[in-house]
Structures are given as C-alpha cells and as structure tokens.
Amino acid sequence: MSTVKSESAIDDKLRNYGFLPLGNLKGDFLGAIAATLVSLPLSMTIGVVAFMPLGGDYAVQGVLTGIYGAVILGFVAAICGGRSILVSGPRAASALILASLISQLLLSEDLMFPSGKTIPNVISIAFFAILLAGAIQVVCGATRMANIVKNIPYPVIAGFINSSALLIILGQSWTLLDIRRQDSLLEIFEHLDEARPIVLIPAIVTIATMLLTAKRFRIPMIPPPLAGLAAGTAVFYLMRYFMKGADVGGTLGEVTDRLPTPQFSEMFTSLAAGGEFLLVMAMVIPAAISMAALASLDTLLSVSVLDDMTETRTDSNRKLVAHGIGNMAASLMGGMIGAGGMIRTKPGHDAGGRTKTMVYIVSALMLAAVLLLAQTIEYIPRAVISGMVLVLGFQIFDRWSFTLLRQFFARQGARRMASLDDAIIILLVITAALVFDLIVAVGVGITVALIIFVLHMQRSLIRRESRGPALHARSVWSERRQTVLEQCGHRIAALELEGAVFFGSAELLEDRVRELMRGGVTHIVLDMKRITDVDSTGGLALARISKRLRAAGGDLAISYIPVERRKAAAPVRVDRREKNIPRQLWAALERSGALGTLGEEQFHRDTDSALAELEDRVIADFTSEDLSVSTRHMRVPPILRGLDRDEVSAFRRLATRRYYRAGEVIFKQGDEGDALYYISRGSVDISIHLEAAGVDKRLQSLTEGSIFGEMAILDSKPRAASVTATADTVCYRLGVAEFEKIKGDYPEAGMKLLNNFCRMFSERMRSANTIIGELEK
C-alpha cells in the first residue's frame, strides 16, 4: 500500500513539472522524432535566410545559427514555460528582420569597423539585437502585456508576412542563378551573363518533391522539407557523377561539430567597434522591438491554437517570459531568435507527444544532429537549400490578403470601400519593405493603421438625436404641463452617443452642440450608455459644452453615470454581469479635470430622469406656474371616468388610504398581485429588474391622479414590475375583494371600471412597445 502511495506521489510531482509518468515516454519520443524531422530542415532554412546579406559563404553559419536557436530556445522555454508542449524554433519573419539589420550595418557608410573585422562585428551586433529582443519579451510578459502584443492590427501583420514572402523569394535569385550577391536586387540584370541555369536543376527537383509529397504523395514520418532535401541532394550528386565533375553549384561548406559557445563579450565590444555607438543603437533598437513583437505574436497565437487543440489553459504571460529568456540564452550562444510554432508542434502531438518531455527530446535530437552529422551537413548543395527557402516563401503568403483582394474586386460600392482601408495598409507595408526594409515597413504599417483608426473615430459620436415636443420623459403629468411642454419642448435635445469621446471626436460633438444652440436648444442630455472611454480632450470638451449651455441660460445633463457607480478610489466587488464602464468614465472625467466644471447634479442614472429634470427647468423658465404636480380638479383619474357620484363614493369608501415615505418600496417585482393603487399625492417610479445586466430599469414615473397595479384586479398574478415612492406619497389601495364587492353592489360601475381597465391596458401596451424598442437599441 505504501509503495502505491509513493508511486502516486512521484507521479503528482512529475505532473507538477509538466511530465507524465514514464508510461507516456514512448509517445513523447515518437512525437519528438516527428517534430524534429520538421523542425531541423526548417531551422536550417530560416537560418540561411537570416544570413542572406552576408553571401553564400556564410550559409553554413546560418544553418548552425538556426539549429542552435531551436535547441536552446526550445530547452529553456520548456523549463520556464510551464507544462505546454509547444515546440519552438526560428521563424521566417524574425529572420528577415535580422537580415534587414545586417544589411543596414553592412551598407552604412558611417560605420568604420577594423579591417577584416566587419562581418564578425556585424554578426555580434545581430546577436545583441536578439538579446535585446528577448529582454523586451521578458518585460512584456512580466508586466502582463501579452494582450497588447496581440492587438497589433492584422493588416499590418498581413502586409509584413507578404513582404517577408516576397523578400525571401527574391533573395534566392542570386543562389539559384549562381551569381555573386550584389548590394541591390536590381543589379542582377547587369550580371545575367554570369548566370548558370544548370544550377537550377537540383533546386527544381527539391521544389517539385516538396510540393508533390505535401499534396499528392505523402510519405508517413517524412515531412516534405526532408523529402525535398534528400531528392535535391541526390540529383545534385548524380549530376556531378554523370557530368564528370562539372561545376553544378556549391555546397554549404565546412560545418564544425562543436557545441554552441558563449559570445557575450564580443557583443558589447562590437557595438562601439564601428566608431558610432549611437548610430548602431539607432539601428538595433527598432530591429529588436520588431523582432520581439513578431516573435511574441507568433508564440501567443500558437499557444492559443494549442490550448484549443489540447483543451488546456496556458498562462500567455508566463510563456512570453519563458520565450524571452530562451531567446536571450540563444543569442549568448550564437542562436537565432525564435518563437513557438504549430508547424513544429502539431506533428509531435499527432505522433503521441503529450508532455514537455517531448520538447526536451526535440532539443536533444537536433543538437545530436549537429554533433553527429556535421560532416554530412556540409555536403548539402546551396541550390537545394535555396529551393527549400523558395517553397517556404510561397507557403508563408497570407491567405487572408488574397481573400480580401478577391472580395475587393467582387464587391461594388460601399461594400468595396469597406475593404479599401485594409488593402491600403497591406500595400503600404509591402512597398516600404521592398523600397526600404522590413523594420521601416513595420513602423509605416502601425503608423498608417493608427491614422486610419483616428479618421474612423472622427466620425460623429452621435448615434441618434432627438428633439422637440416628441421628446419627453416617461412620466404621467398634468394636461397643463403637457401643453406647456408642447410649446417649449424644442429647447431640449437628447444626443445618444456611441464610441469614445477623445481627441479625434470631441470637436465634432462640440460643433453639433453649437448648431443645436443656434437652432434654439438650451438644454441637452448626453446619453453615455454606449460610451467606452473619455480621454482628457473629451472630458474638457464636455466641460466646455456645459459652460456654453449655462451661458445661454440652459444646462447639460449626462446620463448613465449613476451616483452609486461613480466612485473609483477603492476597488469593490461587483457582480460579474455588472459593467464597470460608468465607474471608469467617472474616473476618466476626474483625471481630465472636467469635474471642476461639471457638477454632481448634472449626472443621472438614465436618460429619462435627466429629461425629467431638464423639463422642470425649461417649464420654470417658461411659466411661473407650479406644474410639477397636478391637482384633483385638473383631471379625472382614468379609472373613474364615466362613474357617477354614488359609484365614485363607493370606490373611495372601499379603498384604504396608505402613506409612503420617499424611497419606500410599495411592492416588488414578483410579489403577489392583490390590489390596485390610486395616487392622491406624491409620485412613484415603476421599474423592472434586468437579470442579464444585473440592473434595474426605470420604465415610467407616475404622479397625482395616476393608477398603478391595476393588472392585479384582472388576473391576480405576481407583480411584473416594482413600484417605489420618489417623494412622500399618499395612495388609495383597492384590493381584489373590494373590487368584487363593487361589481356585486354596483354592476354598472363594475362594467365601467373594466372598460377603463381595457382602455388603460391598451395605452400601457403602446407605451410598453416603445420601451421594449428602446431596451433593444
């Protein structure tokens, strides 16, 4: 028994460190073999891409850099990154950024490296850029900024991916034609007489084999890159044999079988070796930021896909820190920057890999390949590697971009224009990459995306505008009050806003308010239910609008920032269903300084209460009469219409007088329906509880002479809404039993009352339709 418990404890510890018991070792080992067969040729190819600017003589160092990067990053990221089985390695996009940096350093006329030391210094600076990129990843992960990295606009990413594909494809022209690399691709036309098409044959065989094994003739456990590598190399040496030693192209050259060695000291001495430290850093920092962003994005997207596939949950920030540490370690040992990738992980998972033991085995197998097969690697033809790189270039084209292009030409009018912004960003990024370099392209893309975003946000904030006599609070008032509102209601306007009140949209809102004021509006309600944010410019704009309206004798009311949800000083626990936007908006207004102008009384829980208050102020300016309440002689209660004096007396005799203080609940939604109420003095609010939102929605305000709760007389079902006194209120309550007595003693009165119920029910249904429509907007 104790042995079983001991084994169970060991298994638990293994699981805590990301392992499974040794019973899964076979699956992890088979998964590692499958992942290595994909990762090894891919890492070699991408390493060559990174070192393209140095020429063919440095292709072998590119191969080693790619493999070392995959080995070290994979091992370190597995140690630091939790239980994930994500297999990591170099990525083409980051490799091209590194290639762009190397090109900049080589072509700079201001850098004067010691004679014969230019390329070694440039390589050391490139590794320092990888070190810095890894440090940036660590900081982003440690400060939990993974979500921000994910929010790079996709058209920028698509443009970058497409430009990377084009640069990879065009960059292989020199090797495929066996022409010595020049500074500009355009110079290839001046050296076409040096081209040797015979070199293309192994590359064509490599490309054809990779495509055929990927699409039609799949070979188990042999990925297309490995099949292409084998076929192209075989053809290369067959050509050499049958052509009697003719020059059919070069090979990678000598590969050392040594372990990766530290390069820490060379990095920092190389930064100042060219005599312009600040210039070097001006090149390195943008490259490092770009590599960190792209590598992080690749890793985070792969983590998300892997979590869905394995039904697990990975801490993205921890994984980002782990990959940052891994890239820093790789740079110190001469390895390429990398990221987690499903192209390496999925074959391993499909072959049985389930724990990160598989990741450790992948790193061990790749390192063993360098140490044991170094003499074999050096005989790989350059043309074959170029063919593999060419296929890689075509494979990484972004499919979404082509879908966007098809939609653009297939659509008409406004639907076509909807795709135009994304297409412009993609084309600008590609153009910048081809004319300048990828580092500039990323900056251009993000800048253009921000400009387009601001232009979009500059469109009017106003979702809907209401004005005039048709605009009024959902309250039942005296006929005299309604008449006055019909005469002066044009002074009130309600603007329903949507989006963010920020520097790009605030001026448009102020312009519209000025136009309304020129049309006679003096009181405005800003409905901020759909406002997501307010920056300093937006907050100050609201303050200016308030000042302008007050100067004109009017006022500003802001709805959906209620008192109970404003305070943001101390964190409070709220229901998850409750949105915190009103509290955030209040904090934003506080930061902007707008609350120095906007008073507490200008904020309301909803638009209806804001309208009711502005109506009172407009009426007070228009007439000296007190129209906030009605008197008995102004109207006959709808329920008593048609009743004679005796019938009304019977009604009053059977009804019970009740008194409610302001804020007291008369009945709640769901209570038993047992009576109707007639308001003799005061006012009440009718509201319903919205379960999904976790809030109460006020439907209507009722004042003297109004009836509520009358549905209980008809069906005695639970209350459909809650009623709360908003002022000290006197009501007359008529219970179901009392109503039945009226019907028995005064049959005609009973019929008149039922007729009034039907009329009132019809009016309530019409009002309910309007309210439901507003709730759905």
# chains A, B, ... in the order shown; residues from 1 in each chain; ligands from 1
>>> residues_around(residues="A:Thr726", least_positions_apart="4", cutoff="7 Å", atoms="only C-alpha atoms", output="PDB file with N, CA, C and O atoms, in the first residue's frame")
ATOM      1  N   ALA A 662     -40.560  58.896   0.882  1.00  0.00           N
ATOM      2  CA  ALA A 662     -39.710  58.892  -0.315  1.00  0.00           C
ATOM      3  C   ALA A 662     -38.669  57.775  -0.209  1.00  0.00           C
ATOM      4  O   ALA A 662     -37.998  57.625   0.811  1.00  0.00           O
ATOM      5  N   GLY A 663     -38.568  56.960  -1.280  1.00  0.00           N
ATOM      6  CA  GLY A 663     -37.624  55.859  -1.286  1.00  0.00           C
ATOM      7  C   GLY A 663     -38.196  54.547  -0.816  1.00  0.00           C
ATOM      8  O   GLY A 663     -37.559  53.493  -0.958  1.00  0.00           O
ATOM      9  N   SER A 683     -45.445  61.033  -5.918  1.00  0.00           N
ATOM     10  CA  SER A 683     -45.052  60.429  -7.192  1.00  0.00           C
ATOM     11  C   SER A 683     -44.334  59.111  -6.927  1.00  0.00           C
ATOM     12  O   SER A 683     -43.766  58.893  -5.860  1.00  0.00           O
ATOM     13  N   VAL A 684     -44.364  58.228  -7.940  1.00  0.00           N
ATOM     14  CA  VAL A 684     -43.712  56.923  -7.825  1.00  0.00           C
ATOM     15  C   VAL A 684     -42.970  56.616  -9.134  1.00  0.00           C
ATOM     16  O   VAL A 684     -43.285  57.174 -10.188  1.00  0.00           O
ATOM     17  N   ASP A 685     -42.003  55.712  -9.023  1.00  0.00           N
ATOM     18  CA  ASP A 685     -41.301  55.182 -10.194  1.00  0.00           C
ATOM     19  C   ASP A 685     -41.662  53.722 -10.373  1.00  0.00           C
ATOM     20  O   ASP A 685     -41.707  52.953  -9.400  1.00  0.00           O
TER      21      ASP A 685
END
>>> residues_around(residues="stretch 203-211 of chain A", least_positions_apart="3", cutoff="10 Å", atoms="only C-alpha atoms", output="PyMOL selection string")
chain A and resi 175-176+198-200+214-218+223-236+381-392
>>> write_last_selection(atoms="N, CA, C and O atoms", output="CSV table (one decimal), in the first residue's frame")
chain,number,residue,atom,x,y,z
A,175,THR,N,21.5,32.8,-55.6
A,175,THR,CA,22.0,31.5,-55.4
A,175,THR,C,21.4,30.6,-56.5
A,175,THR,O,22.2,29.7,-57.1
A,176,LEU,N,20.2,30.7,-56.9
A,176,LEU,CA,19.6,29.9,-57.9
A,176,LEU,C,20.2,30.1,-59.3
A,176,LEU,O,20.3,29.2,-60.1
A,198,ILE,N,22.2,25.7,-65.1
A,198,ILE,CA,22.3,24.3,-64.7
A,198,ILE,C,22.1,24.1,-63.2
A,198,ILE,O,21.7,23.0,-62.7
A,199,VAL,N,22.5,25.1,-62.5
A,199,VAL,CA,22.4,25.1,-61.0
A,199,VAL,C,20.9,25.0,-60.6
A,199,VAL,O,20.6,24.5,-59.5
A,200,LEU,N,20.0,25.4,-61.5
A,200,LEU,CA,18.6,25.4,-61.1
A,200,LEU,C,18.0,24.0,-61.0
A,200,LEU,O,17.0,23.8,-60.3
A,214,ALA,N,3.8,17.0,-50.3
A,214,ALA,CA,2.8,17.7,-49.5
A,214,ALA,C,1.4,17.6,-49.9
A,214,ALA,O,0.5,17.6,-49.1
A,215,LYS,N,1.2,17.4,-51.3
A,215,LYS,CA,-0.2,17.4,-51.8
A,215,LYS,C,-0.7,16.0,-52.2
A,215,LYS,O,-1.8,15.7,-51.9
A,216,ARG,N,0.2,15.3,-52.9
A,216,ARG,CA,-0.3,14.0,-53.6
A,216,ARG,C,0.3,12.8,-53.0
A,216,ARG,O,-0.4,11.8,-52.8
A,217,PHE,N,1.6,12.8,-52.8
A,217,PHE,CA,2.3,11.5,-52.4
A,217,PHE,C,2.9,11.7,-51.0
A,217,PHE,O,4.1,11.8,-50.9
A,218,ARG,N,2.0,11.7,-50.0
A,218,ARG,CA,2.5,11.9,-48.7
A,218,ARG,C,3.2,10.6,-48.2
A,218,ARG,O,2.6,9.5,-48.3
A,223,PRO,N,8.5,14.4,-43.6
A,223,PRO,CA,7.9,15.7,-44.0
A,223,PRO,C,8.4,16.2,-45.3
A,223,PRO,O,9.5,15.8,-45.7
A,224,PRO,N,7.6,17.0,-46.0
A,224,PRO,CA,8.1,17.5,-47.4
A,224,PRO,C,9.5,18.1,-47.4
A,224,PRO,O,10.2,17.8,-48.3
A,225,PRO,N,9.8,19.0,-46.4
A,225,PRO,CA,11.2,19.5,-46.5
A,225,PRO,C,12.3,18.5,-46.5
A,225,PRO,O,13.3,18.6,-47.2
A,226,LEU,N,12.1,17.4,-45.7
A,226,LEU,CA,13.1,16.4,-45.6
A,226,LEU,C,13.2,15.6,-46.9
A,226,LEU,O,14.3,15.3,-47.4
A,227,ALA,N,12.0,15.3,-47.5
A,227,ALA,CA,11.9,14.6,-48.8
A,227,ALA,C,12.6,15.5,-49.9
A,227,ALA,O,13.3,14.9,-50.7
A,228,GLY,N,12.3,16.8,-49.9
A,228,GLY,CA,12.9,17.6,-50.9
A,228,GLY,C,14.4,17.7,-50.8
A,228,GLY,O,15.1,17.7,-51.7
A,229,LEU,N,14.9,17.8,-49.5
A,229,LEU,CA,16.3,17.9,-49.2
A,229,LEU,C,17.0,16.6,-49.8
A,229,LEU,O,18.0,16.7,-50.4
A,230,ALA,N,16.4,15.4,-49.5
A,230,ALA,CA,17.0,14.2,-50.0
A,230,ALA,C,17.0,14.1,-51.5
A,230,ALA,O,18.0,13.7,-52.1
A,231,ALA,N,15.9,14.4,-52.1
A,231,ALA,CA,15.8,14.3,-53.6
A,231,ALA,C,16.7,15.3,-54.3
A,231,ALA,O,17.4,14.9,-55.2
A,232,GLY,N,16.7,16.5,-53.8
A,232,GLY,CA,17.5,17.5,-54.5
A,232,GLY,C,19.0,17.2,-54.3
A,232,GLY,O,19.8,17.4,-55.3
A,233,THR,N,19.4,16.8,-53.1
A,233,THR,CA,20.8,16.4,-52.9
A,233,THR,C,21.2,15.2,-53.8
A,233,THR,O,22.3,15.2,-54.4
A,234,ALA,N,20.3,14.2,-53.9
A,234,ALA,CA,20.6,13.1,-54.7
A,234,ALA,C,20.8,13.5,-56.2
A,234,ALA,O,21.8,13.0,-56.9
A,235,VAL,N,20.0,14.3,-56.7
A,235,VAL,CA,20.1,14.8,-58.1
A,235,VAL,C,21.4,15.6,-58.3
A,235,VAL,O,22.1,15.4,-59.3
A,236,PHE,N,21.7,16.4,-57.3
A,236,PHE,CA,22.9,17.2,-57.4
A,236,PHE,C,24.2,16.3,-57.6
A,236,PHE,O,25.0,16.5,-58.5
A,381,PRO,N,23.9,20.8,-51.0
A,381,PRO,CA,24.0,21.8,-52.0
A,381,PRO,C,23.3,23.1,-51.6
A,381,PRO,O,22.2,23.1,-51.1
A,382,ARG,N,23.9,24.2,-52.0
A,382,ARG,CA,23.3,25.5,-51.7
A,382,ARG,C,22.0,25.7,-52.5
A,382,ARG,O,21.0,26.2,-52.0
A,383,ALA,N,22.0,25.2,-53.7
A,383,ALA,CA,20.8,25.3,-54.6
A,383,ALA,C,19.6,24.6,-53.9
A,383,ALA,O,18.4,25.0,-54.1
A,384,VAL,N,19.9,23.4,-53.3
A,384,VAL,CA,18.8,22.7,-52.6
A,384,VAL,C,18.2,23.5,-51.5
A,384,VAL,O,17.0,23.6,-51.3
A,385,ILE,N,19.1,24.1,-50.7
A,385,ILE,CA,18.6,24.9,-49.6
A,385,ILE,C,17.8,26.1,-50.1
A,385,ILE,O,16.7,26.5,-49.6
A,386,SER,N,18.3,26.7,-51.3
A,386,SER,CA,17.5,27.8,-51.9
A,386,SER,C,16.2,27.4,-52.3
A,386,SER,O,15.2,28.1,-52.2
A,387,GLY,N,16.1,26.1,-52.9
A,387,GLY,CA,14.8,25.6,-53.3
A,387,GLY,C,13.8,25.4,-52.1
A,387,GLY,O,12.7,25.8,-52.2
A,388,MET,N,14.4,25.0,-51.0
A,388,MET,CA,13.6,24.8,-49.8
A,388,MET,C,13.1,26.2,-49.3
A,388,MET,O,11.9,26.3,-48.9
A,389,VAL,N,14.0,27.2,-49.3
A,389,VAL,CA,13.7,28.5,-48.9
A,389,VAL,C,12.6,29.1,-49.8
A,389,VAL,O,11.6,29.8,-49.3
A,390,LEU,N,12.7,28.8,-51.1
A,390,LEU,CA,11.7,29.3,-52.1
A,390,LEU,C,10.3,28.8,-51.8
A,390,LEU,O,9.3,29.6,-51.7
A,391,VAL,N,10.2,27.5,-51.5
A,391,VAL,CA,8.9,26.9,-51.1
A,391,VAL,C,8.4,27.5,-49.8
A,391,VAL,O,7.2,27.9,-49.7
A,392,LEU,N,9.3,27.7,-48.9
A,392,LEU,CA,8.9,28.4,-47.6
A,392,LEU,C,8.3,29.8,-47.9
A,392,LEU,O,7.3,30.2,-47.3
>>> closest_residue(among="A:Ala749, A:Ile285, A:Val442, A:Ala99", to="A:Arg645", atoms="only C-alpha atoms")
A:Ala749
>>> closest_residue(among="A:Thr447, A:Thr532, A:Thr607, A:Thr403", to="A:Leu495", atoms="only C-alpha atoms")
A:Thr607
>>> residues_around(residues="A:Ala737", least_positions_apart="2", cutoff="12 Å", atoms="only C-alpha atoms", output="ChimeraX atom specification")
/A:654-655,674-676,712-714,716,733-735,739-744
>>> atom_distance(atom1="atom CA of A:Ile558", atom2="atom CA of A:Lys668")
28.2 Å
